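A.B. asks: One structure, as structure tokens, below. Some questions next.
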Amino acid sequence: MSTPHVASVSPNSSSLDSNYLNVIVNLISNALDAMKDGTDSPLLTVKGSSKDEQVIFEVIDNGSGISPEVLEHCREQFYSTKGEHGSGIGLHMVHLCAEKHGGQLELDSEVNIGTTARLILPLRSQHLK
């Protein structure tokens with residue numbers, strides 16, 4: 001079992017954006033939704049690390065996974081596979097927030113295996129100066 005890493009950020013930090021919390025909560029919410037049906041032993045892992053002047057947040061689930069066809073469109077505004085339970089805004093907002101701060105959202109997924117959502121952001125965003 002690995003030791004968890006804990007990071008803290010001062011609320012007065014000039015690099016803190018209030019959208020970051022919403023972004024992480026959105027990724028966790030999507031992972032929980034993906035594990036609601038059909039996953040015998042649901043497992044959600046949230047990791048945070050830094051490498052090469054970047055901070056990396058990963059949300060990993062063993063849920064239903066995302067098909068290649070859906071992966072092509074899931075960052076688009078109002079695109080949802082959740083029917084009336086989804087707005088299609090969540091991943092679009094995560095994607096826009098990442099881009100706004102010079103980062104990116106990576107999604108690795110396999111149907112019936114699970115998904116890794118990886119949010120990569122520069123440690124110091126040039127857009128916040």
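As shown in the structure tokens, the chain order sets the letters A, B, ...; within each chain, residues go from 1, and ligands are also counted from 1 in the order they appear.
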Would you pick out the contacts of Ile89 (chain A) at 7 Å or less, using only C-alpha atoms, so that residues sharing its chain but fewer than 4 positions from it are not included, and give the list as a PyMOL selection string?

C.D. replies: chain A and resi 77-78+93

A.B. asks: Where does DSSP see strand (DSSP E) in region 10-105 of chain A, if you list the residues as JSON, numbers by chain?

C.D. replies: {"A": [44, 45, 46, 47, 48, 49, 50, 51, 54, 55, 56, 57, 58, 59, 60, 61, 104, 105]}

A.B. asks: Could the residues in this selection be saved with C-alpha atoms as a PDB file, in the first residue's frame?

C.D. replies:
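See out.pdb below for the written result:
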ATOM      1  CA  LEU A  44     -11.940   5.164  -6.939  1.00  0.00           C
ATOM      2  CA  THR A  45      -8.398   6.486  -6.669  1.00  0.00           C
ATOM      3  CA  VAL A  46      -7.422  10.154  -6.575  1.00  0.00           C
ATOM      4  CA  LYS A  47      -3.752  10.991  -6.990  1.00  0.00           C
ATOM      5  CA  GLY A  48      -1.810  14.208  -7.012  1.00  0.00           C
ATOM      6  CA  SER A  49       1.797  14.685  -8.014  1.00  0.00           C
ATOM      7  CA  SER A  50       4.172  17.148  -9.601  1.00  0.00           C
ATOM      8  CA  LYS A  51       6.676  16.631 -12.390  1.00  0.00           C
ATOM      9  CA  GLN A  54       3.507  20.656 -13.686  1.00  0.00           C
ATOM     10  CA  VAL A  55       0.959  19.488 -11.160  1.00  0.00           C
ATOM     11  CA  ILE A  56      -0.922  16.340 -12.125  1.00  0.00           C
ATOM     12  CA  PHE A  57      -4.277  15.266 -10.684  1.00  0.00           C
ATOM     13  CA  GLU A  58      -5.546  11.806 -11.577  1.00  0.00           C
ATOM     14  CA  VAL A  59      -8.999  10.400 -10.911  1.00  0.00           C
ATOM     15  CA  ILE A  60      -9.070   6.677 -11.639  1.00  0.00           C
ATOM     16  CA  ASP A  61     -12.121   4.429 -11.553  1.00  0.00           C
ATOM     17  CA  GLN A 104      -4.658  19.851 -20.534  1.00  0.00           C
ATOM     18  CA  LEU A 105      -7.202  17.164 -19.734  1.00  0.00           C
TER      19      LEU A 105
END

A.B. asks: Give me the residues within 12 Å of region 23-37 of chain A as a PDB file with N, CA and C atoms, in the first residue's frame, counting only C-alpha atoms and dropping any in the same chain fewer than 5 places off.

C.D. replies:
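Here's the written file out19.pdb:
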ATOM      1  N   ASP A  17      -7.029  29.145  -8.196  1.00  0.00           N
ATOM      2  CA  ASP A  17      -8.230  29.531  -8.919  1.00  0.00           C
ATOM      3  C   ASP A  17      -9.382  28.753  -8.294  1.00  0.00           C
ATOM      4  N   SER A  18     -10.470  29.421  -7.984  1.00  0.00           N
ATOM      5  CA  SER A  18     -11.597  28.758  -7.325  1.00  0.00           C
ATOM      6  C   SER A  18     -12.199  27.653  -8.186  1.00  0.00           C
ATOM      7  N   PRO A  42     -16.409  -1.525  -6.603  1.00  0.00           N
ATOM      8  CA  PRO A  42     -16.031  -0.195  -7.070  1.00  0.00           C
ATOM      9  C   PRO A  42     -14.763   0.305  -6.380  1.00  0.00           C
ATOM     10  N   LEU A  43     -13.900   0.906  -7.170  1.00  0.00           N
ATOM     11  CA  LEU A  43     -12.658   1.450  -6.644  1.00  0.00           C
ATOM     12  C   LEU A  43     -12.387   2.796  -7.298  1.00  0.00           C
ATOM     13  N   LEU A  44     -12.247   3.817  -6.478  1.00  0.00           N
ATOM     14  CA  LEU A  44     -11.940   5.164  -6.939  1.00  0.00           C
ATOM     15  C   LEU A  44     -10.624   5.573  -6.308  1.00  0.00           C
ATOM     16  N   THR A  45      -9.704   6.031  -7.144  1.00  0.00           N
ATOM     17  CA  THR A  45      -8.398   6.486  -6.669  1.00  0.00           C
ATOM     18  C   THR A  45      -8.187   7.909  -7.145  1.00  0.00           C
ATOM     19  N   VAL A  46      -7.752   8.768  -6.233  1.00  0.00           N
ATOM     20  CA  VAL A  46      -7.422  10.154  -6.575  1.00  0.00           C
ATOM     21  C   VAL A  46      -5.959  10.362  -6.218  1.00  0.00           C
ATOM     22  N   LYS A  47      -5.183  10.791  -7.193  1.00  0.00           N
ATOM     23  CA  LYS A  47      -3.752  10.991  -6.990  1.00  0.00           C
ATOM     24  C   LYS A  47      -3.370  12.420  -7.352  1.00  0.00           C
ATOM     25  N   GLY A  48      -2.374  12.911  -6.676  1.00  0.00           N
ATOM     26  CA  GLY A  48      -1.810  14.208  -7.012  1.00  0.00           C
ATOM     27  C   GLY A  48      -0.300  14.112  -6.983  1.00  0.00           C
ATOM     28  N   ILE A  56      -0.109  17.338 -11.440  1.00  0.00           N
ATOM     29  CA  ILE A  56      -0.922  16.340 -12.125  1.00  0.00           C
ATOM     30  C   ILE A  56      -1.924  15.755 -11.134  1.00  0.00           C
ATOM     31  N   PHE A  57      -3.206  15.874 -11.466  1.00  0.00           N
ATOM     32  CA  PHE A  57      -4.277  15.266 -10.684  1.00  0.00           C
ATOM     33  C   PHE A  57      -4.837  14.119 -11.507  1.00  0.00           C
ATOM     34  N   GLU A  58      -4.963  12.948 -10.887  1.00  0.00           N
ATOM     35  CA  GLU A  58      -5.546  11.806 -11.577  1.00  0.00           C
ATOM     36  C   GLU A  58      -6.737  11.289 -10.782  1.00  0.00           C
ATOM     37  N   VAL A  59      -7.821  11.035 -11.486  1.00  0.00           N
ATOM     38  CA  VAL A  59      -8.999  10.400 -10.911  1.00  0.00           C
ATOM     39  C   VAL A  59      -9.195   9.112 -11.699  1.00  0.00           C
ATOM     40  N   ILE A  60      -9.077   7.995 -11.000  1.00  0.00           N
ATOM     41  CA  ILE A  60      -9.070   6.677 -11.639  1.00  0.00           C
ATOM     42  C   ILE A  60     -10.230   5.855 -11.094  1.00  0.00           C
ATOM     43  N   ASP A  61     -11.013   5.281 -11.992  1.00  0.00           N
ATOM     44  CA  ASP A  61     -12.121   4.429 -11.553  1.00  0.00           C
ATOM     45  C   ASP A  61     -12.111   3.111 -12.320  1.00  0.00           C
ATOM     46  N   ASN A  62     -12.792   2.133 -11.763  1.00  0.00           N
ATOM     47  CA  ASN A  62     -12.948   0.849 -12.452  1.00  0.00           C
ATOM     48  C   ASN A  62     -14.400   0.669 -12.882  1.00  0.00           C
ATOM     49  N   GLY A  63     -14.970   1.756 -13.362  1.00  0.00           N
ATOM     50  CA  GLY A  63     -16.373   1.750 -13.780  1.00  0.00           C
ATOM     51  C   GLY A  63     -16.572   1.243 -15.193  1.00  0.00           C
ATOM     52  N   SER A  64     -17.605   1.742 -15.817  1.00  0.00           N
ATOM     53  CA  SER A  64     -18.037   1.234 -17.116  1.00  0.00           C
ATOM     54  C   SER A  64     -17.105   1.596 -18.266  1.00  0.00           C
ATOM     55  N   GLY A  65     -16.252   2.587 -18.062  1.00  0.00           N
ATOM     56  CA  GLY A  65     -15.353   3.007 -19.139  1.00  0.00           C
ATOM     57  C   GLY A  65     -16.075   3.853 -20.170  1.00  0.00           C
ATOM     58  N   ILE A  66     -15.298   4.392 -21.095  1.00  0.00           N
ATOM     59  CA  ILE A  66     -15.834   5.267 -22.134  1.00  0.00           C
ATOM     60  C   ILE A  66     -15.406   4.709 -23.489  1.00  0.00           C
ATOM     61  N   CYS A  74     -16.707  13.826 -25.759  1.00  0.00           N
ATOM     62  CA  CYS A  74     -17.100  14.091 -24.368  1.00  0.00           C
ATOM     63  C   CYS A  74     -16.611  15.425 -23.811  1.00  0.00           C
ATOM     64  N   SER A  80     -23.562  14.696 -23.599  1.00  0.00           N
ATOM     65  CA  SER A  80     -23.742  13.856 -22.421  1.00  0.00           C
ATOM     66  C   SER A  80     -24.270  12.489 -22.826  1.00  0.00           C
ATOM     67  N   THR A  81     -23.880  11.491 -22.069  1.00  0.00           N
ATOM     68  CA  THR A  81     -24.423  10.141 -22.252  1.00  0.00           C
ATOM     69  C   THR A  81     -25.349   9.790 -21.089  1.00  0.00           C
ATOM     70  N   LYS A  82     -25.614  10.753 -20.208  1.00  0.00           N
ATOM     71  CA  LYS A  82     -26.385  10.500 -18.994  1.00  0.00           C
ATOM     72  C   LYS A  82     -27.869  10.806 -19.144  1.00  0.00           C
ATOM     73  N   HIS A  85     -30.153  13.064 -16.719  1.00  0.00           N
ATOM     74  CA  HIS A  85     -29.370  13.230 -15.487  1.00  0.00           C
ATOM     75  C   HIS A  85     -28.059  13.974 -15.729  1.00  0.00           C
ATOM     76  N   GLY A  86     -27.749  14.297 -16.964  1.00  0.00           N
ATOM     77  CA  GLY A  86     -26.494  14.985 -17.266  1.00  0.00           C
ATOM     78  C   GLY A  86     -26.735  16.256 -18.056  1.00  0.00           C
ATOM     79  N   SER A  87     -25.878  17.245 -17.821  1.00  0.00           N
ATOM     80  CA  SER A  87     -26.024  18.522 -18.519  1.00  0.00           C
ATOM     81  C   SER A  87     -25.070  18.648 -19.702  1.00  0.00           C
ATOM     82  N   GLY A  88     -24.012  17.834 -19.725  1.00  0.00           N
ATOM     83  CA  GLY A  88     -23.019  17.961 -20.776  1.00  0.00           C
ATOM     84  C   GLY A  88     -22.113  19.161 -20.590  1.00  0.00           C
ATOM     85  N   ILE A  89     -22.065  19.666 -19.377  1.00  0.00           N
ATOM     86  CA  ILE A  89     -21.228  20.834 -19.106  1.00  0.00           C
ATOM     87  C   ILE A  89     -19.952  20.442 -18.362  1.00  0.00           C
ATOM     88  N   GLY A  90     -19.984  19.381 -17.583  1.00  0.00           N
ATOM     89  CA  GLY A  90     -18.893  19.019 -16.686  1.00  0.00           C
ATOM     90  C   GLY A  90     -17.531  18.866 -17.329  1.00  0.00           C
ATOM     91  N   LEU A  91     -17.357  17.908 -18.217  1.00  0.00           N
ATOM     92  CA  LEU A  91     -16.050  17.701 -18.840  1.00  0.00           C
ATOM     93  C   LEU A  91     -15.659  18.863 -19.737  1.00  0.00           C
ATOM     94  N   HIS A  92     -16.646  19.517 -20.309  1.00  0.00           N
ATOM     95  CA  HIS A  92     -16.361  20.712 -21.108  1.00  0.00           C
ATOM     96  C   HIS A  92     -15.735  21.791 -20.218  1.00  0.00           C
ATOM     97  N   MET A  93     -16.307  21.990 -19.027  1.00  0.00           N
ATOM     98  CA  MET A  93     -15.788  22.979 -18.086  1.00  0.00           C
ATOM     99  C   MET A  93     -14.380  22.597 -17.619  1.00  0.00           C
ATOM    100  N   VAL A  94     -14.148  21.318 -17.347  1.00  0.00           N
ATOM    101  CA  VAL A  94     -12.817  20.851 -16.936  1.00  0.00           C
ATOM    102  C   VAL A  94     -11.800  21.147 -18.041  1.00  0.00           C
ATOM    103  N   HIS A  95     -12.173  20.819 -19.266  1.00  0.00           N
ATOM    104  CA  HIS A  95     -11.314  21.045 -20.428  1.00  0.00           C
ATOM    105  C   HIS A  95     -10.987  22.539 -20.584  1.00  0.00           C
ATOM    106  N   LEU A  96     -11.999  23.398 -20.488  1.00  0.00           N
ATOM    107  CA  LEU A  96     -11.785  24.842 -20.628  1.00  0.00           C
ATOM    108  C   LEU A  96     -10.902  25.391 -19.510  1.00  0.00           C
ATOM    109  N   CYS A  97     -11.109  24.926 -18.290  1.00  0.00           N
ATOM    110  CA  CYS A  97     -10.301  25.388 -17.162  1.00  0.00           C
ATOM    111  C   CYS A  97      -8.839  24.992 -17.365  1.00  0.00           C
ATOM    112  N   ALA A  98      -8.617  23.766 -17.806  1.00  0.00           N
ATOM    113  CA  ALA A  98      -7.245  23.309 -18.063  1.00  0.00           C
ATOM    114  C   ALA A  98      -6.589  24.193 -19.125  1.00  0.00           C
ATOM    115  N   LEU A 105      -6.442  18.269 -20.301  1.00  0.00           N
ATOM    116  CA  LEU A 105      -7.202  17.164 -19.734  1.00  0.00           C
ATOM    117  C   LEU A 105      -6.967  15.951 -20.616  1.00  0.00           C
ATOM    118  N   GLU A 106      -6.448  14.883 -20.021  1.00  0.00           N
ATOM    119  CA  GLU A 106      -6.251  13.628 -20.738  1.00  0.00           C
ATOM    120  C   GLU A 106      -7.237  12.606 -20.200  1.00  0.00           C
ATOM    121  N   LEU A 107      -7.835  11.839 -21.092  1.00  0.00           N
ATOM    122  CA  LEU A 107      -8.747  10.776 -20.701  1.00  0.00           C
ATOM    123  C   LEU A 107      -8.275   9.468 -21.328  1.00  0.00           C
ATOM    124  N   SER A 109      -9.316   5.467 -21.322  1.00  0.00           N
ATOM    125  CA  SER A 109     -10.446   4.650 -20.905  1.00  0.00           C
ATOM    126  C   SER A 109     -10.543   3.377 -21.730  1.00  0.00           C
ATOM    127  N   VAL A 111     -13.629   0.336 -22.196  1.00  0.00           N
ATOM    128  CA  VAL A 111     -14.986  -0.085 -21.858  1.00  0.00           C
ATOM    129  C   VAL A 111     -14.927  -1.318 -20.953  1.00  0.00           C
ATOM    130  N   ASN A 112     -15.739  -1.298 -19.911  1.00  0.00           N
ATOM    131  CA  ASN A 112     -15.851  -2.352 -18.896  1.00  0.00           C
ATOM    132  C   ASN A 112     -14.600  -2.534 -18.048  1.00  0.00           C
ATOM    133  N   ILE A 113     -13.632  -1.647 -18.163  1.00  0.00           N
ATOM    134  CA  ILE A 113     -12.410  -1.707 -17.352  1.00  0.00           C
ATOM    135  C   ILE A 113     -12.317  -0.472 -16.458  1.00  0.00           C
ATOM    136  N   GLY A 114     -12.526   0.712 -17.027  1.00  0.00           N
ATOM    137  CA  GLY A 114     -12.471   1.939 -16.240  1.00  0.00           C
ATOM    138  C   GLY A 114     -11.818   3.078 -16.977  1.00  0.00           C
ATOM    139  N   THR A 115     -11.667   4.186 -16.262  1.00  0.00           N
ATOM    140  CA  THR A 115     -11.179   5.424 -16.856  1.00  0.00           C
ATOM    141  C   THR A 115     -10.184   6.107 -15.932  1.00  0.00           C
ATOM    142  N   THR A 116      -9.179   6.719 -16.540  1.00  0.00           N
ATOM    143  CA  THR A 116      -8.282   7.621 -15.833  1.00  0.00           C
ATOM    144  C   THR A 116      -8.449   8.998 -16.447  1.00  0.00           C
ATOM    145  N   ALA A 117      -8.871   9.952 -15.622  1.00  0.00           N
ATOM    146  CA  ALA A 117      -8.935  11.353 -16.029  1.00  0.00           C
ATOM    147  C   ALA A 117      -7.717  12.028 -15.418  1.00  0.00           C
ATOM    148  N   ARG A 118      -6.904  12.627 -16.256  1.00  0.00           N
ATOM    149  CA  ARG A 118      -5.638  13.234 -15.827  1.00  0.00           C
ATOM    150  C   ARG A 118      -5.662  14.721 -16.171  1.00  0.00           C
ATOM    151  N   LEU A 119      -5.650  15.547 -15.133  1.00  0.00           N
ATOM    152  CA  LEU A 119      -5.621  16.987 -15.300  1.00  0.00           C
ATOM    153  C   LEU A 119      -4.190  17.446 -15.062  1.00  0.00           C
ATOM    154  N   ILE A 120      -3.581  18.039 -16.089  1.00  0.00           N
ATOM    155  CA  ILE A 120      -2.187  18.471 -16.015  1.00  0.00           C
ATOM    156  C   ILE A 120      -2.163  19.992 -16.132  1.00  0.00           C
ATOM    157  N   LEU A 121      -1.580  20.635 -15.111  1.00  0.00           N
ATOM    158  CA  LEU A 121      -1.531  22.088 -15.071  1.00  0.00           C
ATOM    159  C   LEU A 121      -0.122  22.555 -14.757  1.00  0.00           C
TER     160      LEU A 121
END

A.B. asks: In Å, with one decimal, what is the gap from CA of His101 (chain A) to CA of Glu72 (chain A)?

C.D. replies: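 Those two atoms sit 22.2 Å apart.
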
A.B. asks: Which value, in Å to one decimal, gives the distance between CA of Leu123 (chain A) and CA of Tyr20 (chain A)?

C.D. replies: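 Between these atoms lies a distance of 12.8 Å.
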
A.B. asks: CA of Pro122 (chain A) and CA of Lys100 (chain A) are how many Å apart?

C.D. replies: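 Going from CA of Pro122 (chain A) over to CA of Lys100 (chain A) covers 10.9 Å.
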
A.B. asks: According to DSSP computed on the backbone, where in region 5-114 of chain A is there alpha helix (DSSP H)? Give the residues as a PyMOL selection string.

C.D. replies: chain A and resi 19-34+68-71+90-100
